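Q: data11.tsv (TSV, N, CA and C atoms and all ligand atoms) pasted underneath:
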chain	number	residue	atom	x	y	z
R	1300	MET	N	73.79	109.09	-3.01
R	1300	MET	CA	72.64	109.96	-3.03
R	1300	MET	C	73.06	111.34	-2.55
R	1301	THR	N	72.82	112.33	-3.39
R	1301	THR	CA	73.02	113.72	-3.00
R	1301	THR	C	71.66	114.22	-2.54
R	1302	ASN	N	71.40	114.11	-1.24
R	1302	ASN	CA	70.04	114.30	-0.77
R	1302	ASN	C	69.50	115.71	-0.99
R	1303	GLY	N	70.36	116.70	-1.13
R	1303	GLY	CA	69.89	118.05	-1.42
R	1303	GLY	C	69.26	118.18	-2.79
R	1304	PHE	N	69.48	117.19	-3.66
R	1304	PHE	CA	68.93	117.24	-5.02
R	1304	PHE	C	67.57	116.53	-5.13
R	1305	LEU	N	67.17	115.80	-4.07
R	1305	LEU	CA	65.88	115.12	-4.11
R	1305	LEU	C	64.76	116.12	-4.35
R	1306	ASP	N	63.86	115.77	-5.26
R	1306	ASP	CA	62.71	116.63	-5.59
R	1306	ASP	C	63.14	118.00	-6.12
R	1307	SER	N	64.37	118.10	-6.64
R	1307	SER	CA	64.82	119.38	-7.19
R	1307	SER	C	64.44	119.46	-8.66
R	1308	THR	N	64.83	120.53	-9.31
R	1308	THR	CA	64.54	120.69	-10.73
R	1308	THR	C	65.69	120.18	-11.58
R	1309	HIS	N	66.63	119.46	-10.97
R	1309	HIS	CA	67.82	119.00	-11.68
R	1309	HIS	C	67.59	117.68	-12.42
R	1310	ASN	N	66.35	117.34	-12.74
R	1310	ASN	CA	66.06	116.05	-13.38
R	1310	ASN	C	66.60	114.92	-12.52
R	1311	TYR	N	66.40	115.04	-11.23
R	1311	TYR	CA	66.93	114.11	-10.26
R	1311	TYR	C	65.79	113.25	-9.72
R	1312	LEU	N	66.10	112.27	-8.90
R	1312	LEU	CA	65.07	111.42	-8.30
R	1312	LEU	C	64.11	112.25	-7.45
R	1313	THR	N	62.85	111.84	-7.49
R	1313	THR	CA	61.90	112.41	-6.54
R	1313	THR	C	62.02	111.62	-5.24
R	1314	MET	N	61.49	112.18	-4.19
R	1314	MET	CA	61.49	111.48	-2.91
R	1314	MET	C	60.76	110.14	-3.04
R	1315	GLN	N	59.65	110.13	-3.79
R	1315	GLN	CA	58.89	108.89	-3.94
R	1315	GLN	C	59.70	107.85	-4.70
R	1316	GLN	N	60.40	108.24	-5.75
R	1316	GLN	CA	61.26	107.31	-6.49
R	1316	GLN	C	62.37	106.77	-5.59
R	1317	PHE	N	62.94	107.65	-4.79
R	1317	PHE	CA	64.00	107.25	-3.85
R	1317	PHE	C	63.47	106.20	-2.87
R	1318	LEU	N	62.29	106.44	-2.32
R	1318	LEU	CA	61.70	105.49	-1.38
R	1318	LEU	C	61.32	104.19	-2.07
R	1319	ASP	N	60.82	104.26	-3.30
R	1319	ASP	CA	60.46	103.06	-4.04
R	1319	ASP	C	61.69	102.21	-4.33
R	1320	ILE	N	62.77	102.83	-4.80
R	1320	ILE	CA	64.00	102.09	-5.11
R	1320	ILE	C	64.57	101.46	-3.83
R	1321	ASN	N	64.45	102.16	-2.74
R	1321	ASN	CA	64.95	101.65	-1.46
R	1321	ASN	C	64.27	100.35	-1.05
R	1322	GLN	N	63.09	100.09	-1.57
R	1322	GLN	CA	62.38	98.85	-1.23
R	1322	GLN	C	63.04	97.62	-1.87
R	1323	ASN	N	63.86	97.84	-2.91
R	1323	ASN	CA	64.51	96.75	-3.62
R	1323	ASN	C	65.78	96.35	-2.87
R	1324	ASN	N	65.85	95.10	-2.46
R	1324	ASN	CA	67.01	94.65	-1.69
R	1324	ASN	C	68.29	94.54	-2.51
R	1325	LEU	N	68.19	94.70	-3.82
R	1325	LEU	CA	69.39	94.64	-4.66
R	1325	LEU	C	70.08	96.00	-4.75
R	1326	VAL	N	69.46	97.02	-4.20
R	1326	VAL	CA	70.01	98.37	-4.28
R	1326	VAL	C	70.32	98.87	-2.88
R	1327	GLU	N	71.51	99.43	-2.73
R	1327	GLU	CA	71.88	100.05	-1.46
R	1327	GLU	C	72.30	101.48	-1.74
R	1328	PHE	N	71.68	102.42	-1.08
R	1328	PHE	CA	72.06	103.82	-1.27
R	1328	PHE	C	73.26	104.16	-0.41
R	1329	ALA	N	74.14	104.94	-0.96
R	1329	ALA	CA	75.28	105.49	-0.23
R	1329	ALA	C	75.13	107.00	-0.21
R	1330	SER	N	75.83	107.62	0.69
R	1330	SER	CA	75.79	109.07	0.80
R	1330	SER	C	76.77	109.69	-0.21
R	1331	HIS	N	76.37	110.84	-0.74
R	1331	HIS	CA	77.20	111.53	-1.74
R	1331	HIS	C	77.17	113.04	-1.48
R	1332	SER	N	77.01	113.42	-0.20
R	1332	SER	CA	76.94	114.80	0.27
R	1332	SER	C	75.51	115.35	0.20
R	1333	ILE	N	75.37	116.58	0.66
R	1333	ILE	CA	74.06	117.24	0.60
R	1333	ILE	C	73.92	118.01	-0.70
R	1334	ASN	N	74.95	118.77	-1.05
R	1334	ASN	CA	74.87	119.69	-2.20
R	1334	ASN	C	75.88	119.42	-3.31
R	1335	HIS	N	76.61	118.32	-3.22
R	1335	HIS	CA	77.58	117.92	-4.24
R	1335	HIS	C	78.68	118.96	-4.49
R	1336	PRO	N	79.29	119.46	-3.42
R	1336	PRO	CA	80.42	120.39	-3.62
R	1336	PRO	C	81.72	119.64	-3.85
R	1337	ASN	N	82.73	120.36	-4.32
R	1337	ASN	CA	84.09	119.83	-4.29
R	1337	ASN	C	84.55	120.00	-2.84
R	1338	LEU	N	84.61	118.91	-2.11
R	1338	LEU	CA	84.87	119.00	-0.67
R	1338	LEU	C	86.23	119.59	-0.35
R	1339	ASN	N	87.20	119.43	-1.26
R	1339	ASN	CA	88.52	120.01	-1.00
R	1339	ASN	C	88.52	121.53	-1.12
R	1340	ALA	N	87.45	122.12	-1.66
R	1340	ALA	CA	87.35	123.57	-1.77
R	1340	ALA	C	86.65	124.18	-0.55
R	1341	LEU	N	86.18	123.34	0.36
R	1341	LEU	CA	85.45	123.81	1.54
R	1341	LEU	C	86.34	123.79	2.78
R	1342	SER	N	85.93	124.53	3.80
R	1342	SER	CA	86.58	124.39	5.10
R	1342	SER	C	86.27	122.98	5.61
R	1343	LEU	N	87.07	122.51	6.55
R	1343	LEU	CA	86.83	121.16	7.08
R	1343	LEU	C	85.49	121.10	7.81
R	1344	ASP	N	85.09	122.18	8.47
R	1344	ASP	CA	83.78	122.20	9.14
R	1344	ASP	C	82.65	122.09	8.12
R	1345	ALA	N	82.77	122.82	7.01
R	1345	ALA	CA	81.73	122.76	5.97
R	1345	ALA	C	81.72	121.38	5.31
R	1346	ALA	N	82.89	120.81	5.11
R	1346	ALA	CA	82.97	119.47	4.53
R	1346	ALA	C	82.33	118.46	5.47
R	1347	ARG	N	82.58	118.61	6.77
R	1347	ARG	CA	81.99	117.71	7.77
R	1347	ARG	C	80.46	117.79	7.72
R	1348	GLU	N	79.93	118.98	7.58
R	1348	GLU	CA	78.48	119.14	7.50
R	1348	GLU	C	77.93	118.44	6.26
R	1349	GLU	N	78.62	118.58	5.14
R	1349	GLU	CA	78.18	117.90	3.90
R	1349	GLU	C	78.23	116.38	4.06
R	1350	ILE	N	79.27	115.88	4.67
R	1350	ILE	CA	79.48	114.43	4.79
R	1350	ILE	C	78.57	113.83	5.88
R	1351	ALA	N	78.71	114.33	7.08
R	1351	ALA	CA	77.93	113.76	8.20
R	1351	ALA	C	76.46	114.17	8.09
R	1352	GLY	N	76.21	115.38	7.61
R	1352	GLY	CA	74.83	115.84	7.48
R	1352	GLY	C	74.04	115.02	6.48
R	1353	SER	N	74.68	114.62	5.40
R	1353	SER	CA	73.96	113.81	4.40
R	1353	SER	C	73.68	112.42	4.98
R	1354	LYS	N	74.62	111.89	5.73
R	1354	LYS	CA	74.40	110.57	6.36
R	1354	LYS	C	73.20	110.62	7.29
R	1355	LEU	N	73.17	111.61	8.15
R	1355	LEU	CA	72.07	111.72	9.11
R	1355	LEU	C	70.73	111.92	8.41
R	1356	ALA	N	70.73	112.76	7.38
R	1356	ALA	CA	69.47	113.04	6.66
R	1356	ALA	C	68.95	111.78	5.97
R	1357	LEU	N	69.85	111.05	5.31
R	1357	LEU	CA	69.42	109.83	4.61
R	1357	LEU	C	68.96	108.77	5.60
R	1358	GLU	N	69.66	108.65	6.71
R	1358	GLU	CA	69.26	107.66	7.73
R	1358	GLU	C	67.88	107.99	8.30
R	1359	LYS	N	67.61	109.28	8.43
R	1359	LYS	CA	66.30	109.69	8.95
R	1359	LYS	C	65.20	109.36	7.93
R	1360	ILE	N	65.47	109.62	6.67
R	1360	ILE	CA	64.47	109.35	5.61
R	1360	ILE	C	64.22	107.85	5.48
R	1361	LEU	N	65.30	107.05	5.45
R	1361	LEU	CA	65.18	105.61	5.18
R	1361	LEU	C	65.04	104.77	6.44
R	1362	ASN	N	65.30	105.37	7.58
R	1362	ASN	CA	65.25	104.65	8.85
R	1362	ASN	C	66.16	103.42	8.85
R	1363	LYS	N	67.37	103.61	8.30
R	1363	LYS	CA	68.39	102.55	8.35
R	1363	LYS	C	69.76	103.19	8.20
R	1364	LYS	N	70.78	102.44	8.57
R	1364	LYS	CA	72.14	102.95	8.52
R	1364	LYS	C	72.61	103.15	7.08
R	1365	ILE	N	73.27	104.26	6.85
R	1365	ILE	CA	73.95	104.51	5.58
R	1365	ILE	C	75.44	104.31	5.88
R	1366	GLU	N	76.02	103.30	5.27
R	1366	GLU	CA	77.36	102.88	5.66
R	1366	GLU	C	78.46	103.22	4.67
R	1367	HIS	N	78.08	103.70	3.50
R	1367	HIS	CA	79.08	103.94	2.46
R	1367	HIS	C	78.96	105.36	1.91
R	1368	TYR	N	80.11	105.90	1.54
R	1368	TYR	CA	80.19	107.27	1.06
R	1368	TYR	C	80.86	107.29	-0.31
R	1369	SER	N	80.52	108.28	-1.10
R	1369	SER	CA	81.19	108.50	-2.38
R	1369	SER	C	81.52	109.99	-2.48
R	1370	TYR	N	82.80	110.29	-2.68
R	1370	TYR	CA	83.26	111.68	-2.72
R	1370	TYR	C	82.77	112.38	-3.99
R	1371	PRO	N	82.06	113.52	-3.86
R	1371	PRO	CA	81.68	114.26	-5.06
R	1371	PRO	C	82.91	114.61	-5.90
R	1372	TYR	N	82.83	114.40	-7.18
R	1372	TYR	CA	83.93	114.62	-8.13
R	1372	TYR	C	85.15	113.75	-7.81
R	1373	GLY	N	84.98	112.78	-6.93
R	1373	GLY	CA	86.11	111.93	-6.55
R	1373	GLY	C	87.17	112.67	-5.76
R	1374	SER	N	86.82	113.85	-5.27
R	1374	SER	CA	87.80	114.70	-4.59
R	1374	SER	C	87.93	114.29	-3.12
R	1375	TYR	N	89.12	113.83	-2.75
R	1375	TYR	CA	89.33	113.42	-1.36
R	1375	TYR	C	90.73	113.82	-0.92
R	1376	SER	N	90.95	113.72	0.37
R	1376	SER	CA	92.24	114.04	0.99
R	1376	SER	C	92.31	113.26	2.29
R	1377	ASN	N	93.45	113.27	2.94
R	1377	ASN	CA	93.56	112.58	4.22
R	1377	ASN	C	92.61	113.19	5.26
R	1378	ASP	N	92.44	114.52	5.24
R	1378	ASP	CA	91.51	115.17	6.17
R	1378	ASP	C	90.07	114.71	5.91
R	1379	LEU	N	89.71	114.60	4.64
R	1379	LEU	CA	88.34	114.18	4.30
R	1379	LEU	C	88.13	112.71	4.66
R	1380	ILE	N	89.13	111.90	4.46
R	1380	ILE	CA	89.03	110.49	4.85
R	1380	ILE	C	88.77	110.39	6.36
R	1381	LYS	N	89.46	111.20	7.12
R	1381	LYS	CA	89.27	111.19	8.58
R	1381	LYS	C	87.84	111.59	8.94
R	1382	ILE	N	87.31	112.60	8.28
R	1382	ILE	CA	85.93	113.04	8.54
R	1382	ILE	C	84.94	111.94	8.17
R	1383	VAL	N	85.16	111.30	7.04
R	1383	VAL	CA	84.26	110.21	6.61
R	1383	VAL	C	84.30	109.06	7.62
R	1384	ARG	N	85.49	108.71	8.06
R	1384	ARG	CA	85.62	107.63	9.04
R	1384	ARG	C	84.94	108.01	10.36
R	1385	GLU	N	85.18	109.23	10.83
R	1385	GLU	CA	84.59	109.68	12.10
R	1385	GLU	C	83.07	109.80	12.02
R	1386	ALA	N	82.54	110.05	10.82
R	1386	ALA	CA	81.09	110.13	10.65
R	1386	ALA	C	80.43	108.76	10.76
R	1387	GLY	N	81.23	107.71	10.68
R	1387	GLY	CA	80.70	106.37	10.86
R	1387	GLY	C	80.54	105.56	9.59
R	1388	PHE	N	81.06	106.05	8.50
R	1388	PHE	CA	81.00	105.26	7.25
R	1388	PHE	C	82.01	104.12	7.31
R	1389	LYS	N	81.68	103.02	6.64
R	1389	LYS	CA	82.58	101.86	6.59
R	1389	LYS	C	83.51	101.91	5.39
R	1390	THR	N	83.07	102.54	4.30
R	1390	THR	CA	83.89	102.66	3.09
R	1390	THR	C	83.58	103.98	2.40
R	1391	ALA	N	84.45	104.35	1.46
R	1391	ALA	CA	84.21	105.52	0.62
R	1391	ALA	C	84.82	105.27	-0.75
R	1392	SER	N	84.08	105.69	-1.79
R	1392	SER	CA	84.52	105.50	-3.17
R	1392	SER	C	85.07	106.78	-3.75
R	1393	THR	N	86.12	106.61	-4.53
R	1393	THR	CA	86.71	107.73	-5.28
R	1393	THR	C	86.28	107.59	-6.74
R	1394	THR	N	86.86	108.39	-7.60
R	1394	THR	CA	86.68	108.19	-9.04
R	1394	THR	C	87.96	107.63	-9.66
R	1395	ASP	N	88.91	107.21	-8.80
R	1395	ASP	CA	90.15	106.63	-9.31
R	1395	ASP	C	89.82	105.31	-10.02
R	1396	LEU	N	90.31	105.16	-11.22
R	1396	LEU	CA	90.00	103.98	-12.03
R	1396	LEU	C	90.70	102.75	-11.47
R	1397	GLY	N	89.93	101.69	-11.27
R	1397	GLY	CA	90.52	100.44	-10.82
R	1397	GLY	C	89.49	99.52	-10.23
R	1398	ILE	N	89.89	98.26	-10.00
R	1398	ILE	CA	88.99	97.29	-9.40
R	1398	ILE	C	89.61	96.63	-8.17
R	1399	GLY	N	90.90	96.76	-7.98
R	1399	GLY	CA	91.56	96.14	-6.85
R	1399	GLY	C	91.23	96.89	-5.57
R	1400	GLN	N	90.68	96.19	-4.58
R	1400	GLN	CA	90.30	96.83	-3.32
R	1400	GLN	C	91.02	96.14	-2.18
R	1401	SER	N	91.22	96.86	-1.09
R	1401	SER	CA	91.80	96.25	0.10
R	1401	SER	C	91.26	96.97	1.33
R	1402	TYR	N	91.24	96.27	2.46
R	1402	TYR	CA	90.72	96.85	3.70
R	1402	TYR	C	91.44	98.14	4.08
R	1403	PRO	N	92.78	98.18	4.01
R	1403	PRO	CA	93.46	99.43	4.38
R	1403	PRO	C	93.06	100.61	3.49
R	1404	ASN	N	92.60	100.33	2.29
R	1404	ASN	CA	92.20	101.41	1.37
R	1404	ASN	C	90.69	101.58	1.29
R	1405	ARG	N	89.98	101.15	2.32
R	1405	ARG	CA	88.51	101.16	2.26
R	1405	ARG	C	87.91	102.56	2.19
R	1406	TYR	N	88.66	103.59	2.50
R	1406	TYR	CA	88.14	104.96	2.39
R	1406	TYR	C	88.62	105.66	1.12
R	1407	LYS	N	89.24	104.91	0.24
R	1407	LYS	CA	89.60	105.44	-1.09
R	1407	LYS	C	89.49	104.32	-2.12
R	1408	LEU	N	88.29	103.74	-2.16
R	1408	LEU	CA	88.02	102.65	-3.09
R	1408	LEU	C	88.07	103.14	-4.53
R	1409	LYS	N	88.65	102.32	-5.38
R	1409	LYS	CA	88.67	102.62	-6.81
R	1409	LYS	C	87.39	102.08	-7.44
R	1410	ARG	N	87.12	102.51	-8.65
R	1410	ARG	CA	85.92	102.00	-9.35
R	1410	ARG	C	86.05	102.26	-10.85
R	1411	ILE	N	85.08	101.73	-11.56
R	1411	ILE	CA	84.96	102.01	-12.98
R	1411	ILE	C	83.75	102.92	-13.13
R	1412	ARG	N	83.97	104.16	-13.55
R	1412	ARG	CA	82.87	105.12	-13.66
R	1412	ARG	C	81.95	104.71	-14.80
R	1413	PRO	N	80.63	104.87	-14.58
R	1413	PRO	CA	79.67	104.54	-15.65
R	1413	PRO	C	80.02	105.28	-16.93
R	1414	GLY	N	80.10	104.54	-18.01
R	1414	GLY	CA	80.36	105.16	-19.31
R	1414	GLY	C	81.82	105.33	-19.65
R	1415	SER	N	82.72	105.18	-18.66
R	1415	SER	CA	84.13	105.41	-18.96
R	1415	SER	C	84.73	104.24	-19.73
R	1416	LEU	N	84.25	103.05	-19.46
R	1416	LEU	CA	84.72	101.87	-20.16
R	1416	LEU	C	83.50	101.01	-20.48
R	1417	THR	N	83.35	100.65	-21.72
R	1417	THR	CA	82.22	99.81	-22.11
R	1417	THR	C	82.70	98.75	-23.11
R	1418	GLY	N	81.87	97.75	-23.31
R	1418	GLY	CA	82.11	96.74	-24.33
R	1418	GLY	C	83.48	96.10	-24.25
R	1419	HIS	N	84.15	96.02	-25.39
R	1419	HIS	CA	85.44	95.34	-25.48
R	1419	HIS	C	86.50	96.02	-24.60
R	1420	ALA	N	86.46	97.34	-24.52
R	1420	ALA	CA	87.44	98.05	-23.69
R	1420	ALA	C	87.27	97.68	-22.22
R	1421	LEU	N	86.03	97.51	-21.78
R	1421	LEU	CA	85.77	97.11	-20.39
R	1421	LEU	C	86.28	95.69	-20.14
R	1422	LEU	N	85.97	94.77	-21.07
R	1422	LEU	CA	86.46	93.40	-20.92
R	1422	LEU	C	87.99	93.35	-20.87
R	1423	GLN	N	88.61	94.11	-21.75
R	1423	GLN	CA	90.07	94.15	-21.80
R	1423	GLN	C	90.64	94.69	-20.47
R	1424	PHE	N	90.00	95.74	-19.94
R	1424	PHE	CA	90.46	96.32	-18.69
R	1424	PHE	C	90.34	95.29	-17.56
R	1425	LEU	N	89.21	94.60	-17.50
R	1425	LEU	CA	88.98	93.63	-16.43
R	1425	LEU	C	89.98	92.47	-16.51
R	1426	GLN	N	90.32	92.07	-17.73
R	1426	GLN	CA	91.27	90.97	-17.89
R	1426	GLN	C	92.68	91.38	-17.49
R	1427	GLN	N	92.99	92.66	-17.64
R	1427	GLN	CA	94.36	93.12	-17.38
R	1427	GLN	C	94.55	93.63	-15.95
R	1428	ASN	N	93.47	93.72	-15.18
R	1428	ASN	CA	93.58	94.26	-13.83
R	1428	ASN	C	93.08	93.28	-12.77
Y	1501	ZN	ZN	78.51	113.04	-8.11
Can the structure in the file be given as structure tokens, please?
Ligand SMILES: [Zn+2]
A:
Amino acid sequence: MTNGFLDSTHNYLTMQQFLDINQNNLVEFASHSINHPNLNALSLDAAREEIAGSKLALEKILNKKIEHYSYPYGSYSNDLIKIVREAGFKTASTTDLGIGQSYPNRYKLKRIRPGSLTGHALLQFLQQN
């Protein structure tokens, strides 16, 4: 969730939609910054505000812990991983393609981006990885 986009004109979720979806136990929101910047282009203090600030804002809105982070544009570094860990997140997702996860890599989780692999190509990827 990029909380700075809530109720914006970006064809994004409204606050009411966000709260409604949160009622579904099958969905868990993760933090995705306040303004969706490329965090590697910011100072570490500004990146910390985007990362920790979004966590605090979402926790205040939902009144529950936000434990997972996703780097905008998949942009991360060792400094950003440290900030994410210190902010109290348990995991963080990148845009690096893959499905293999491990505890030591919990702050640079791989994933399959929506739309990047579908149908037969997705099945083939899952069988080979
Ligand atoms: Zn994004």
Q: Applying 8 Å and all atoms listed in the file, which residues near Ile1382 in chain R remain after dropping the ones on its own chain fewer than 4 positions away? List them as a PyMOL selection string.
A: chain R and resi 1346-1347+1350-1351+1376-1378+1386-1388
Q: Kindly indicate which residue among R:Glu1385, R:Tyr1370, R:Leu1361, R:Leu1421 lies nearest to Ser1332 in chain R, using all atoms listed in the file for the distances.
A: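 The closest residue to Ser1332 in chain R is R:Tyr1370.
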Q: Of the residues R:Ala1340, R:Val1383, R:Ala1329, R:Leu1425, which is the one nearest to ligand ZN 1501 (chain Y), using only C-alpha atoms and all ligand atoms?
A: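 That would be R:Ala1329, the residue with the smallest distance to ligand ZN 1501 (chain Y).
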Q: Kindly provide the residues of chain R that approach ligand ZN 1501 (chain Y) to within 6.5 Å, each paired with its closest atom pair and their distance in Å to one decimal, based on all atoms listed in the file, listed by chain and increasing number, as a Markdown table.
A:
| residue | atom | partner | partner_atom | distance |
| --- | --- | --- | --- | --- |
| R:His1335 | CA | Y:ZN1501 | ZN | 6.3 |
| R:Tyr1370 | C | Y:ZN1501 | ZN | 6.0 |
| R:Pro1371 | CA | Y:ZN1501 | ZN | 4.6 |
| R:Tyr1372 | N | Y:ZN1501 | ZN | 4.6 |
Q: Just want the 10 Å neighbourhood of range 1307-1324 of chain R, counted on only C-alpha atoms, with same-chain residues fewer than 5 positions away dropped. Output as a list in words.
A: Met1300, Thr1301, Asn1302, Ile1360 and Leu1361 of chain R
Q: Given the choices R:Lys1354, R:Thr1417, R:Lys1389, R:Tyr1368, which gets closest to Arg1405 in chain R if the distance is worked out from all atoms listed in the file?
A: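 Using all atoms listed in the file, Arg1405 in chain R sits closest to R:Lys1389.
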Q: Measuring between all atoms listed in the file, which one of R:Ser1342, R:Asp1306, R:Gly1418, R:Ser1369 shows the shortest distance to Ser1330 in chain R?
A: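 Residue with the minimum atom-to-atom distance to Ser1330 in chain R: R:Ser1369.
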Q: Go through chain R and collect every residue that DSSP, computed from the backbone, puts in alpha helix (DSSP H); the answer should be as number ranges by chain.
A: R: 1314-1321, 1343-1361, 1377-1386, 1418-1427
Q: Given only N, CA and C atoms as the basis, pick out the residue of R:Ile1411, R:Leu1396, R:Leu1379, R:Leu1416 nearest to Asn1339 in chain R.
A: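 Residue with the minimum atom-to-atom distance to Asn1339 in chain R: R:Leu1379.
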Q: When distances are computed from only N, CA and C atoms, which of R:Ser1392, R:Gln1426, R:Ala1356, R:Phe1304 shows the smallest separation from Ile1333 in chain R?
A: R:Phe1304
Q: From the DSSP assignment of the backbone, select every residue of chain R that is strand (DSSP E or B), and format the answer as a ChimeraX atom specification.
A: /R:1330,1367-1369,1390-1396,1408-1410
Q: For the atom pair CA of Ala1345 in chain R and CA of Tyr1375 in chain R, what is the interatomic distance in Å to one decimal place?
A: 14.1 Å
Q: Write out as a list in words each polymer residue whose atoms come within 9 Å of Gly1373 in chain R, counting only C-alpha atoms; drop sequence neighbours fewer than 5 positions from it.
A: Asn1337, Ser1392, Thr1393, Thr1394 and Asp1395 of chain R
Q: Could you pull range 1338-1379 of chain R out of the structure just shown and give C-alpha atoms as a PDB file, in the first residue's frame?
A:
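Done, and the output landed in decode33.pdb:
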ATOM      1  CA  LEU R1338      14.344   4.889  -2.653  1.00  0.00           C
ATOM      2  CA  ASN R1339      17.894   4.593  -3.989  1.00  0.00           C
ATOM      3  CA  ALA R1340      17.549   8.134  -5.386  1.00  0.00           C
ATOM      4  CA  LEU R1341      16.769   9.582  -1.935  1.00  0.00           C
ATOM      5  CA  SER R1342      18.948  10.409   1.042  1.00  0.00           C
ATOM      6  CA  LEU R1343      18.869   7.702   3.693  1.00  0.00           C
ATOM      7  CA  ASP R1344      16.893  10.019   5.998  1.00  0.00           C
ATOM      8  CA  ALA R1345      14.277  10.620   3.287  1.00  0.00           C
ATOM      9  CA  ALA R1346      14.145   6.897   2.523  1.00  0.00           C
ATOM     10  CA  ARG R1347      13.674   6.172   6.234  1.00  0.00           C
ATOM     11  CA  GLU R1348      10.733   8.586   6.345  1.00  0.00           C
ATOM     12  CA  GLU R1349       9.138   6.867   3.326  1.00  0.00           C
ATOM     13  CA  ILE R1350       9.658   3.391   4.798  1.00  0.00           C
ATOM     14  CA  ALA R1351       8.990   3.896   8.506  1.00  0.00           C
ATOM     15  CA  GLY R1352       6.478   6.698   7.932  1.00  0.00           C
ATOM     16  CA  SER R1353       4.292   4.519   5.734  1.00  0.00           C
ATOM     17  CA  LYS R1354       4.381   1.734   8.329  1.00  0.00           C
ATOM     18  CA  LEU R1355       3.293   4.060  11.113  1.00  0.00           C
ATOM     19  CA  ALA R1356       0.557   5.668   9.003  1.00  0.00           C
ATOM     20  CA  LEU R1357      -0.907   2.322   7.902  1.00  0.00           C
ATOM     21  CA  GLU R1358      -0.767   0.935  11.440  1.00  0.00           C
ATOM     22  CA  LYS R1359      -2.627   3.996  12.680  1.00  0.00           C
ATOM     23  CA  ILE R1360      -5.322   3.660  10.002  1.00  0.00           C
ATOM     24  CA  LEU R1361      -5.787  -0.122  10.411  1.00  0.00           C
ATOM     25  CA  ASN R1362      -4.962  -0.359  14.113  1.00  0.00           C
ATOM     26  CA  LYS R1363      -2.755  -3.409  13.536  1.00  0.00           C
ATOM     27  CA  LYS R1364       0.860  -4.215  12.812  1.00  0.00           C
ATOM     28  CA  ILE R1365       2.138  -3.896   9.260  1.00  0.00           C
ATOM     29  CA  GLU R1366       4.878  -6.495   9.049  1.00  0.00           C
ATOM     30  CA  HIS R1367       5.862  -6.652   5.404  1.00  0.00           C
ATOM     31  CA  TYR R1368       7.382  -4.173   2.991  1.00  0.00           C
ATOM     32  CA  SER R1369       7.682  -3.985  -0.785  1.00  0.00           C
ATOM     33  CA  TYR R1370      10.350  -1.762  -2.358  1.00  0.00           C
ATOM     34  CA  PRO R1371       8.924   0.712  -4.911  1.00  0.00           C
ATOM     35  CA  TYR R1372      10.257  -0.249  -8.364  1.00  0.00           C
ATOM     36  CA  GLY R1373      11.993  -3.153  -6.626  1.00  0.00           C
ATOM     37  CA  SER R1374      14.826  -0.760  -5.845  1.00  0.00           C
ATOM     38  CA  TYR R1375      16.795  -1.848  -2.788  1.00  0.00           C
ATOM     39  CA  SER R1376      20.296  -1.785  -1.333  1.00  0.00           C
ATOM     40  CA  ASN R1377      22.015  -2.965   1.825  1.00  0.00           C
ATOM     41  CA  ASP R1378      21.348   0.456   3.418  1.00  0.00           C
ATOM     42  CA  LEU R1379      17.644   0.218   2.565  1.00  0.00           C
TER      43      LEU R1379
END
